[in-house]
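A quick write-up on the structure given underneath.
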Amino acid sequence: MARIYRGIVVVHGVGEHRKGAPVSGFVEQLAAYLRHVPGLEGGVELTARNRSDRTDTSWATIHITNPDGTRPDEEWHIREAWWTRTFEPSQPGRVYLWAILAGLALFWAACVQQLARGLLATFAPGRLAKWPTERAGRPVDRATHQLRPESGQGIWLQPGAGRLKSLVDGCVWAILTVLFLLAGVLGLLAIGLVYLVLVLPLSYVLPALANWLVKATMHAIVFTLGDQEAMTTRQVALAASANEVNAGLWNMLSLGGLRTRRKDDAEFTGFETVTVVAHSGGCVVSMAALNSTDFRRFRAETLTKPYTRPARVNLVTAGSGLNLAWNVRLNDSAADRALWERGLDGVNWLNIYSRYDPVPQGPAPVEMLEELLGRDPEIGPPGAVEDSSPPGARPPFVSVRTVNSDSPWADHGGYWGNHPEAMSRIVHVITDAALSGSPLIPEDTAVRPKNLAAIEAALHAAVHGGMQARRVKVARNMAALVASMAVFAAVVVTWADDVGQWALGTGSVLGLDPWAPGGHQLENVAAKKLASFKVEAYRDRIIGAAVIAFVALIALEYARLFRWLWLFTATRATVRARWLWFGGSTVILLATLALLDLLLIRWPTGSAG
């Protein structure tokens with residue numbers, strides 16, 4: 001029986017990425033998801049080639065044995081679009097200014113979009129339902145033009161929260177977002193000082209030293225925001241990056257690529273579905289590829305028998321950098337506008353964003369969607385929604401908000417590991433044969449019959465309880481984190497002064513003599529002034545807080561280690577084996593902790609004997 005082939009191109013985000021890392025990260029989670037699907041546990045075989053040669057590409061193949069012997073097996077071919085460092089970022093000053101503009105855009109989104117949306121969701125959901133961004137890509141009752149309730153959202157379900165849960169979420173959002181924005185502002189100010197005081201003057205007299213200093217001190221911008229800036233404002237850089245995506249698609253859609261594949265597999269005639277999965281800034285690169293002339297050319301190429309290709313290509317964007325690119329676009333030339341004005345043709349677009357992800361900061365801007373896809377008849381100012389019968393077709397775009405970890409620091413990198421809400425939707429798009437020839441519209445909420453019935457059942461399970469269960473788990477974890485932060489703050493307020501004096505060697509704490517390794521007190525070398533600021537009055541508390549944070553970090557790490565150890569031992573076949581593994585590992589971990597106590601506490605305080 002002939003196999004079904006599916007093609008996937010993985011596009012990484014901004015920053016330096018080791019070759020093969022995007023494929024490894026995505027495929028690792030994709031294979032883990034498939035292996036946890038009831039019925040597929042032993043039928044998922046992974047083959048991978050991770051090449052370090054810049055001239056070659058990394059790929060992986062997942063072979064899935066169909067539990068139903070009357071249906072064909074499937075092979076998923078995954079290729080990497082490794083576009084990182086295909087260009088150099090702009091001049092440091094331009095990158096720095098762009099970073100300020102991007103920071104302001106993100107600040108506005110966090111404080112207005114997120115805050116206003118949260119308040120409306122809690123106290124005025126009816127008003128929120130009229131927001132264009134809340135309607136774009138969401139299932140709508142085409143007769144009444146009302147957003148569908150949860151019971152009618154199907155695979156695009158966004159579980160809601162009660163008023164109490166919304167208030168708790170709002171408190172968590174306020175705490176974490178303030179901390180995140182504060183860290184971002186301080187970081188930009190610090191980098192700005194380095195640029196103005198050191199980089200700018202040296203660039204005129206010692207340009208080589210200035211370039212080295214840029215790499216050493218502006219790493220965070222040059223390899224993250226610098227890439228995003230270059231993709232947004234420099235057309236050659238964007239075209240070079242988009243070519244890497246098209247190279248992967250060429251192998252799956254062009255006659256030459258299909259012929260090459262068939263040389264190694266006589267059964268192969270084409271891919272049933274082809275999907276581009278992009279993350280962060282890679283979404284900008286993928287958009288440039290999918291609306292490029294090259295993409296249109298090899299898709300229009302005539303195929304000879306027996307080769308076939310899907311009429312439509314799927315695009316999945318996760319934590320998309322397109323929102324940021326749109327908000328800070330220049331539009332000062334035809335080349336700058338080309339990315340948005342060419343639009344998409346023959347592409348089904350699924351956009352996944354997490355509510356605390358600082359990169360997209362919410363759903364896609366409606367104006368951007370209109371440029372790329374055309375007008376959505378279900379979006380518009382009050383009274384502008386069409387009442388035509390039959391209603392006009394909606395663009396092939398679906399938007400889904402997920403809950404990754406409810407953290408501005410972790411949400412952006414948490415999509416692939418979010419199996420119930422993110423990976424399940426990605427797998428749904430990859431395996432939906434109908435999407436190879438039909439547009440993806442928000443009202444297609446049903447999980448259509450799939451060749452792999454086990455995946456179909458797993459998707460139904462995710463909709464009917466799996467997604468909600470994950471959101472409850474994340475909410476509990478965040479509540480525990482906030483409570484832990486409160487406990488830590490209380491401990492610092494209560495004990496920081498005493499612990500600081502103990503660490504400086506001037507006081508005792510919990511029955512321990514002053515900390516003085518080899519008879520040397522930290523008091524004698526600790527600074528009492530920082531520049532013109534006197535810090536002596538706060539020095540005890542600052543040092544005490546640092547010591548308490550170090551102890552808390554070790555305690556947290558040990559909690560994680562014991563959790564992983566428990567999960568590992570649970571997989572052993574017998575009770576005896578479980579306790580042997582757990583007991584032996586526990587002895588080593590506790591012995592390491594005792595040695596740490598001896599070296600860092602007992603000996604310096606003279607209580608080792």
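Ordering of the structure tokens sets the chain letters (A, B, ...), residue numbers begin anew at 1 in every chain, and ligands are numbered from 1 in the order given.
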
Mind dumping a table of every region 236-346 of chain A residue within 10 Å of region 421-431 of chain A, with the nearest atom pair and its distance in Å to one decimal, using only C-alpha atoms, sorted by chain and rising number, as a Markdown table?
| residue | atom | partner | partner_atom | distance |
| --- | --- | --- | --- | --- |
| A:Glu272 | CA | A:Thr431 | CA | 8.8 |
| A:Thr273 | CA | A:Ile430 | CA | 6.5 |
| A:Val274 | CA | A:Ile430 | CA | 7.3 |
| A:Thr275 | CA | A:Ile430 | CA | 6.3 |
| A:Val276 | CA | A:Ile430 | CA | 9.4 |
| A:Val277 | CA | A:Ile426 | CA | 8.2 |
| A:Val313 | CA | A:Ile430 | CA | 10.0 |
| A:Asn314 | CA | A:Val429 | CA | 7.3 |
| A:Leu315 | CA | A:Val429 | CA | 9.0 |
| A:Val316 | CA | A:Ile426 | CA | 7.0 |
| A:Thr317 | CA | A:Ile426 | CA | 9.6 |
| A:Ala318 | CA | A:Ala422 | CA | 8.4 |

Can those selected residues be exported to a file as a PDB file, in the first residue's frame so that it contains all heavy atoms?
ATOM      1  N   GLU A 272       1.109  15.099  -0.057  1.00  0.00           N
ATOM      2  CA  GLU A 272      -0.317  15.419   0.057  1.00  0.00           C
ATOM      3  C   GLU A 272      -0.521  16.801   0.639  1.00  0.00           C
ATOM      4  O   GLU A 272      -1.402  17.552   0.197  1.00  0.00           O
ATOM      5  CB  GLU A 272      -1.013  14.376   0.929  1.00  0.00           C
ATOM      6  CG  GLU A 272      -2.519  14.596   1.021  1.00  0.00           C
ATOM      7  CD  GLU A 272      -3.223  13.518   1.814  1.00  0.00           C
ATOM      8  OE1 GLU A 272      -3.256  13.631   3.062  1.00  0.00           O
ATOM      9  OE2 GLU A 272      -3.741  12.561   1.190  1.00  0.00           O
ATOM     10  N   THR A 273       0.261  17.164   1.664  1.00  0.00           N
ATOM     11  CA  THR A 273       0.203  18.511   2.245  1.00  0.00           C
ATOM     12  C   THR A 273       1.626  19.031   2.413  1.00  0.00           C
ATOM     13  O   THR A 273       2.559  18.262   2.659  1.00  0.00           O
ATOM     14  CB  THR A 273      -0.493  18.506   3.619  1.00  0.00           C
ATOM     15  OG1 THR A 273       0.218  17.654   4.523  1.00  0.00           O
ATOM     16  CG2 THR A 273      -1.933  18.038   3.503  1.00  0.00           C
ATOM     17  N   VAL A 274       1.781  20.325   2.294  1.00  0.00           N
ATOM     18  CA  VAL A 274       3.059  21.011   2.535  1.00  0.00           C
ATOM     19  C   VAL A 274       2.787  22.156   3.496  1.00  0.00           C
ATOM     20  O   VAL A 274       1.884  22.975   3.259  1.00  0.00           O
ATOM     21  CB  VAL A 274       3.686  21.541   1.239  1.00  0.00           C
ATOM     22  CG1 VAL A 274       4.910  22.400   1.540  1.00  0.00           C
ATOM     23  CG2 VAL A 274       4.069  20.389   0.318  1.00  0.00           C
ATOM     24  N   THR A 275       3.553  22.208   4.580  1.00  0.00           N
ATOM     25  CA  THR A 275       3.309  23.183   5.643  1.00  0.00           C
ATOM     26  C   THR A 275       4.602  23.870   6.026  1.00  0.00           C
ATOM     27  O   THR A 275       5.626  23.208   6.230  1.00  0.00           O
ATOM     28  CB  THR A 275       2.717  22.491   6.896  1.00  0.00           C
ATOM     29  OG1 THR A 275       1.545  21.755   6.522  1.00  0.00           O
ATOM     30  CG2 THR A 275       2.370  23.503   7.969  1.00  0.00           C
ATOM     31  N   VAL A 276       4.565  25.179   6.122  1.00  0.00           N
ATOM     32  CA  VAL A 276       5.676  25.978   6.649  1.00  0.00           C
ATOM     33  C   VAL A 276       5.352  26.313   8.093  1.00  0.00           C
ATOM     34  O   VAL A 276       4.297  26.898   8.381  1.00  0.00           O
ATOM     35  CB  VAL A 276       5.887  27.270   5.836  1.00  0.00           C
ATOM     36  CG1 VAL A 276       7.004  28.114   6.443  1.00  0.00           C
ATOM     37  CG2 VAL A 276       6.216  26.937   4.384  1.00  0.00           C
ATOM     38  N   VAL A 277       6.237  25.945   9.013  1.00  0.00           N
ATOM     39  CA  VAL A 277       6.060  26.235  10.434  1.00  0.00           C
ATOM     40  C   VAL A 277       7.135  27.226  10.840  1.00  0.00           C
ATOM     41  O   VAL A 277       8.332  26.908  10.811  1.00  0.00           O
ATOM     42  CB  VAL A 277       6.157  24.949  11.292  1.00  0.00           C
ATOM     43  CG1 VAL A 277       5.966  25.292  12.766  1.00  0.00           C
ATOM     44  CG2 VAL A 277       5.130  23.929  10.842  1.00  0.00           C
ATOM     45  N   VAL A 313      -0.681  25.787   0.089  1.00  0.00           N
ATOM     46  CA  VAL A 313       0.366  25.544   1.080  1.00  0.00           C
ATOM     47  C   VAL A 313      -0.091  26.115   2.407  1.00  0.00           C
ATOM     48  O   VAL A 313      -0.714  27.189   2.458  1.00  0.00           O
ATOM     49  CB  VAL A 313       1.700  26.195   0.642  1.00  0.00           C
ATOM     50  CG1 VAL A 313       2.741  26.128   1.753  1.00  0.00           C
ATOM     51  CG2 VAL A 313       2.226  25.508  -0.615  1.00  0.00           C
ATOM     52  N   ASN A 314       0.200  25.408   3.489  1.00  0.00           N
ATOM     53  CA  ASN A 314      -0.166  25.880   4.828  1.00  0.00           C
ATOM     54  C   ASN A 314       0.982  26.671   5.441  1.00  0.00           C
ATOM     55  O   ASN A 314       2.151  26.302   5.303  1.00  0.00           O
ATOM     56  CB  ASN A 314      -0.491  24.694   5.741  1.00  0.00           C
ATOM     57  CG  ASN A 314      -1.616  23.837   5.192  1.00  0.00           C
ATOM     58  OD1 ASN A 314      -2.614  24.356   4.688  1.00  0.00           O
ATOM     59  ND2 ASN A 314      -1.456  22.524   5.276  1.00  0.00           N
ATOM     60  N   LEU A 315       0.645  27.731   6.129  1.00  0.00           N
ATOM     61  CA  LEU A 315       1.607  28.528   6.893  1.00  0.00           C
ATOM     62  C   LEU A 315       1.133  28.579   8.342  1.00  0.00           C
ATOM     63  O   LEU A 315       0.013  29.013   8.616  1.00  0.00           O
ATOM     64  CB  LEU A 315       1.718  29.954   6.336  1.00  0.00           C
ATOM     65  CG  LEU A 315       2.488  30.959   7.204  1.00  0.00           C
ATOM     66  CD1 LEU A 315       3.952  30.564   7.338  1.00  0.00           C
ATOM     67  CD2 LEU A 315       2.361  32.384   6.642  1.00  0.00           C
ATOM     68  N   VAL A 316       2.004  28.140   9.257  1.00  0.00           N
ATOM     69  CA  VAL A 316       1.719  28.234  10.693  1.00  0.00           C
ATOM     70  C   VAL A 316       2.733  29.200  11.294  1.00  0.00           C
ATOM     71  O   VAL A 316       3.940  28.966  11.206  1.00  0.00           O
ATOM     72  CB  VAL A 316       1.823  26.862  11.392  1.00  0.00           C
ATOM     73  CG1 VAL A 316       1.569  27.029  12.887  1.00  0.00           C
ATOM     74  CG2 VAL A 316       0.840  25.872  10.782  1.00  0.00           C
ATOM     75  N   THR A 317       2.252  30.285  11.867  1.00  0.00           N
ATOM     76  CA  THR A 317       3.135  31.253  12.530  1.00  0.00           C
ATOM     77  C   THR A 317       2.885  31.174  14.037  1.00  0.00           C
ATOM     78  O   THR A 317       1.744  31.212  14.489  1.00  0.00           O
ATOM     79  CB  THR A 317       2.873  32.677  12.032  1.00  0.00           C
ATOM     80  OG1 THR A 317       1.477  33.005  12.173  1.00  0.00           O
ATOM     81  CG2 THR A 317       3.262  32.821  10.570  1.00  0.00           C
ATOM     82  N   ALA A 318       3.964  31.046  14.806  1.00  0.00           N
ATOM     83  CA  ALA A 318       3.873  30.948  16.259  1.00  0.00           C
ATOM     84  C   ALA A 318       4.729  32.044  16.879  1.00  0.00           C
ATOM     85  O   ALA A 318       5.909  32.157  16.571  1.00  0.00           O
ATOM     86  CB  ALA A 318       4.345  29.570  16.736  1.00  0.00           C
TER      87      ALA A 318
END

Task: For region 58-63 of chain A: contacts at 6 Å, only C-alpha atoms, fewer than 4 positions along chain excluded, given as an MDAnalysis selection string - done: chainID A and resid 20 44:51 74:80

- [ ] Kindly indicate which residue among A:Leu258, A:Trp156, A:Phe550, A:Gly43 lies nearest to Phe397 (chain A), using only C-alpha atoms for the distances.
- [x]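 Using only C-alpha atoms, the shortest distance to Phe397 (chain A) belongs to A:Trp156.
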
Task: Nearest to Pro310 (chain A) by atom-to-atom distance, counting only C-alpha atoms, from A:Val347, A:Leu512, A:Ala266, A:Leu595 - done: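 Residue with the minimum atom-to-atom distance to Pro310 (chain A): A:Val347.
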
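Closest approach to Leu596 (chain A) from the set A:Asp411, A:Trp131, A:Ile554, A:Ala573 is made by A:Ile554, with distances taken over only C-alpha atoms.
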
Task: d(CA of Ile455 (chain A), CA of Ala434 (chain A)) in Å - done: 15.6 Å

- [ ] Point out the residue among A:Trp502, A:Ala469, A:Leu30, A:Arg563 with the least atom-to-atom distance to Gln521 (chain A), counting only C-alpha atoms.
- [x]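 Distance minimum relative to Gln521 (chain A) lands on A:Trp502.
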
I need the strand (DSSP E or B) residues of region 401-568 of chain A per DSSP on the backbone, written as a PDB file with all heavy atoms, in the first residue's frame.
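Written file, part.pdb:
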ATOM      1  N   ARG A 401      -5.416  32.011  20.278  1.00  0.00           N
ATOM      2  CA  ARG A 401      -4.641  32.447  21.445  1.00  0.00           C
ATOM      3  C   ARG A 401      -4.455  31.258  22.377  1.00  0.00           C
ATOM      4  O   ARG A 401      -5.409  30.573  22.734  1.00  0.00           O
ATOM      5  CB  ARG A 401      -5.361  33.577  22.178  1.00  0.00           C
ATOM      6  CG  ARG A 401      -4.561  34.145  23.345  1.00  0.00           C
ATOM      7  CD  ARG A 401      -5.280  35.305  24.015  1.00  0.00           C
ATOM      8  NE  ARG A 401      -6.488  34.891  24.696  1.00  0.00           N
ATOM      9  CZ  ARG A 401      -7.719  35.159  24.269  1.00  0.00           C
ATOM     10  NH1 ARG A 401      -7.899  35.824  23.165  1.00  0.00           N
ATOM     11  NH2 ARG A 401      -8.783  34.737  24.944  1.00  0.00           N
ATOM     12  N   THR A 402      -3.223  31.002  22.761  1.00  0.00           N
ATOM     13  CA  THR A 402      -2.914  29.871  23.632  1.00  0.00           C
ATOM     14  C   THR A 402      -2.407  30.357  24.987  1.00  0.00           C
ATOM     15  O   THR A 402      -2.101  31.535  25.165  1.00  0.00           O
ATOM     16  CB  THR A 402      -1.846  28.963  23.005  1.00  0.00           C
ATOM     17  OG1 THR A 402      -0.604  29.688  22.933  1.00  0.00           O
ATOM     18  CG2 THR A 402      -2.247  28.519  21.619  1.00  0.00           C
ATOM     19  N   VAL A 509      23.882  34.365  62.635  1.00  0.00           N
ATOM     20  CA  VAL A 509      22.515  34.107  62.204  1.00  0.00           C
ATOM     21  C   VAL A 509      22.224  32.624  62.389  1.00  0.00           C
ATOM     22  O   VAL A 509      23.059  31.765  62.081  1.00  0.00           O
ATOM     23  CB  VAL A 509      22.294  34.542  60.735  1.00  0.00           C
ATOM     24  CG1 VAL A 509      23.119  33.699  59.774  1.00  0.00           C
ATOM     25  CG2 VAL A 509      20.818  34.474  60.370  1.00  0.00           C
ATOM     26  N   LEU A 512      24.863  30.305  63.694  1.00  0.00           N
ATOM     27  CA  LEU A 512      26.119  30.187  62.959  1.00  0.00           C
ATOM     28  C   LEU A 512      27.008  31.388  63.269  1.00  0.00           C
ATOM     29  O   LEU A 512      26.530  32.537  63.281  1.00  0.00           O
ATOM     30  CB  LEU A 512      25.868  30.108  61.451  1.00  0.00           C
ATOM     31  CG  LEU A 512      25.141  28.862  60.941  1.00  0.00           C
ATOM     32  CD1 LEU A 512      24.802  29.014  59.463  1.00  0.00           C
ATOM     33  CD2 LEU A 512      25.995  27.611  61.161  1.00  0.00           C
ATOM     34  N   LYS A 529      30.879  52.607  48.998  1.00  0.00           N
ATOM     35  CA  LYS A 529      30.344  53.604  48.080  1.00  0.00           C
ATOM     36  C   LYS A 529      30.358  53.031  46.670  1.00  0.00           C
ATOM     37  O   LYS A 529      31.248  52.276  46.301  1.00  0.00           O
ATOM     38  CB  LYS A 529      31.179  54.896  48.116  1.00  0.00           C
ATOM     39  CG  LYS A 529      31.080  55.666  49.422  1.00  0.00           C
ATOM     40  CD  LYS A 529      31.917  56.934  49.368  1.00  0.00           C
ATOM     41  CE  LYS A 529      31.421  57.882  48.302  1.00  0.00           C
ATOM     42  NZ  LYS A 529      32.165  59.152  48.271  1.00  0.00           N
ATOM     43  N   LEU A 530      29.386  53.397  45.883  1.00  0.00           N
ATOM     44  CA  LEU A 530      29.328  53.048  44.476  1.00  0.00           C
ATOM     45  C   LEU A 530      29.264  54.350  43.709  1.00  0.00           C
ATOM     46  O   LEU A 530      28.238  55.031  43.700  1.00  0.00           O
ATOM     47  CB  LEU A 530      28.108  52.173  44.177  1.00  0.00           C
ATOM     48  CG  LEU A 530      27.965  51.696  42.727  1.00  0.00           C
ATOM     49  CD1 LEU A 530      29.143  50.815  42.345  1.00  0.00           C
ATOM     50  CD2 LEU A 530      26.658  50.940  42.538  1.00  0.00           C
ATOM     51  N   PHE A 533      27.515  57.395  45.246  1.00  0.00           N
ATOM     52  CA  PHE A 533      26.378  56.964  46.046  1.00  0.00           C
ATOM     53  C   PHE A 533      26.870  56.137  47.234  1.00  0.00           C
ATOM     54  O   PHE A 533      27.628  55.178  47.069  1.00  0.00           O
ATOM     55  CB  PHE A 533      25.402  56.142  45.200  1.00  0.00           C
ATOM     56  CG  PHE A 533      24.838  56.886  44.029  1.00  0.00           C
ATOM     57  CD1 PHE A 533      25.372  56.698  42.764  1.00  0.00           C
ATOM     58  CD2 PHE A 533      23.781  57.771  44.183  1.00  0.00           C
ATOM     59  CE1 PHE A 533      24.866  57.380  41.670  1.00  0.00           C
ATOM     60  CE2 PHE A 533      23.265  58.460  43.101  1.00  0.00           C
ATOM     61  CZ  PHE A 533      23.814  58.280  41.850  1.00  0.00           C
ATOM     62  N   LYS A 534      26.403  56.493  48.422  1.00  0.00           N
ATOM     63  CA  LYS A 534      26.744  55.722  49.601  1.00  0.00           C
ATOM     64  C   LYS A 534      25.788  54.530  49.705  1.00  0.00           C
ATOM     65  O   LYS A 534      24.574  54.693  49.749  1.00  0.00           O
ATOM     66  CB  LYS A 534      26.629  56.592  50.853  1.00  0.00           C
ATOM     67  CG  LYS A 534      27.666  57.713  50.925  1.00  0.00           C
ATOM     68  CD  LYS A 534      27.531  58.478  52.229  1.00  0.00           C
ATOM     69  CE  LYS A 534      28.588  59.573  52.326  1.00  0.00           C
ATOM     70  NZ  LYS A 534      28.489  60.324  53.606  1.00  0.00           N
TER      71      LYS A 534
END

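The shortest atom-to-atom distance to Gln501 (chain A), with only C-alpha atoms taken into account, belongs to A:Tyr538 out of A:Phe488, A:Tyr538, A:Trp108, A:Trp416.
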
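Close contacts of Val499 (chain A), defined as residues with an atom at most 8 Å away when counting only C-alpha atoms, with chain neighbours fewer than 6 positions off set aside, comprise Ser508, Val509, Asp540, Arg541, Ile543, Gly544, Ala545, Val547 and Ile548 of chain A.
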
Take the residues just selected and output them with C-alpha atoms as a tab-separated table (two decimals), in the first residue's frame.
chain	number	residue	atom	x	y	z
A	508	SER	CA	25.66	35.70	63.57
A	509	VAL	CA	22.51	34.11	62.20
A	540	ASP	CA	23.84	44.44	54.59
A	541	ARG	CA	20.40	44.06	53.09
A	543	ILE	CA	24.23	41.17	50.32
A	544	GLY	CA	21.76	39.32	52.52
A	545	ALA	CA	19.19	39.31	49.71
A	547	VAL	CA	22.69	35.11	49.74
A	548	ILE	CA	19.02	34.25	50.27

Open item on the list: Would you compute the distance between CA of Leu369 (chain A) and CA of Arg355 (chain A)? Give it in Å to one decimal.
Closed with: 19.1 Å

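If you count only C-alpha atoms and ignore residues fewer than 2 places along the chain from Leu157 (chain A), what sits within 10 Å of it is Arg138, Pro139, Arg148, Pro149, Glu150, Ser151, Gly152, Gln153, Gly154, Ile155, Pro159, Gly160, Val400, Arg401, Thr402, Glu421, Thr445, Ala462, Val463, His464, Met467 and Gln468 of chain A.
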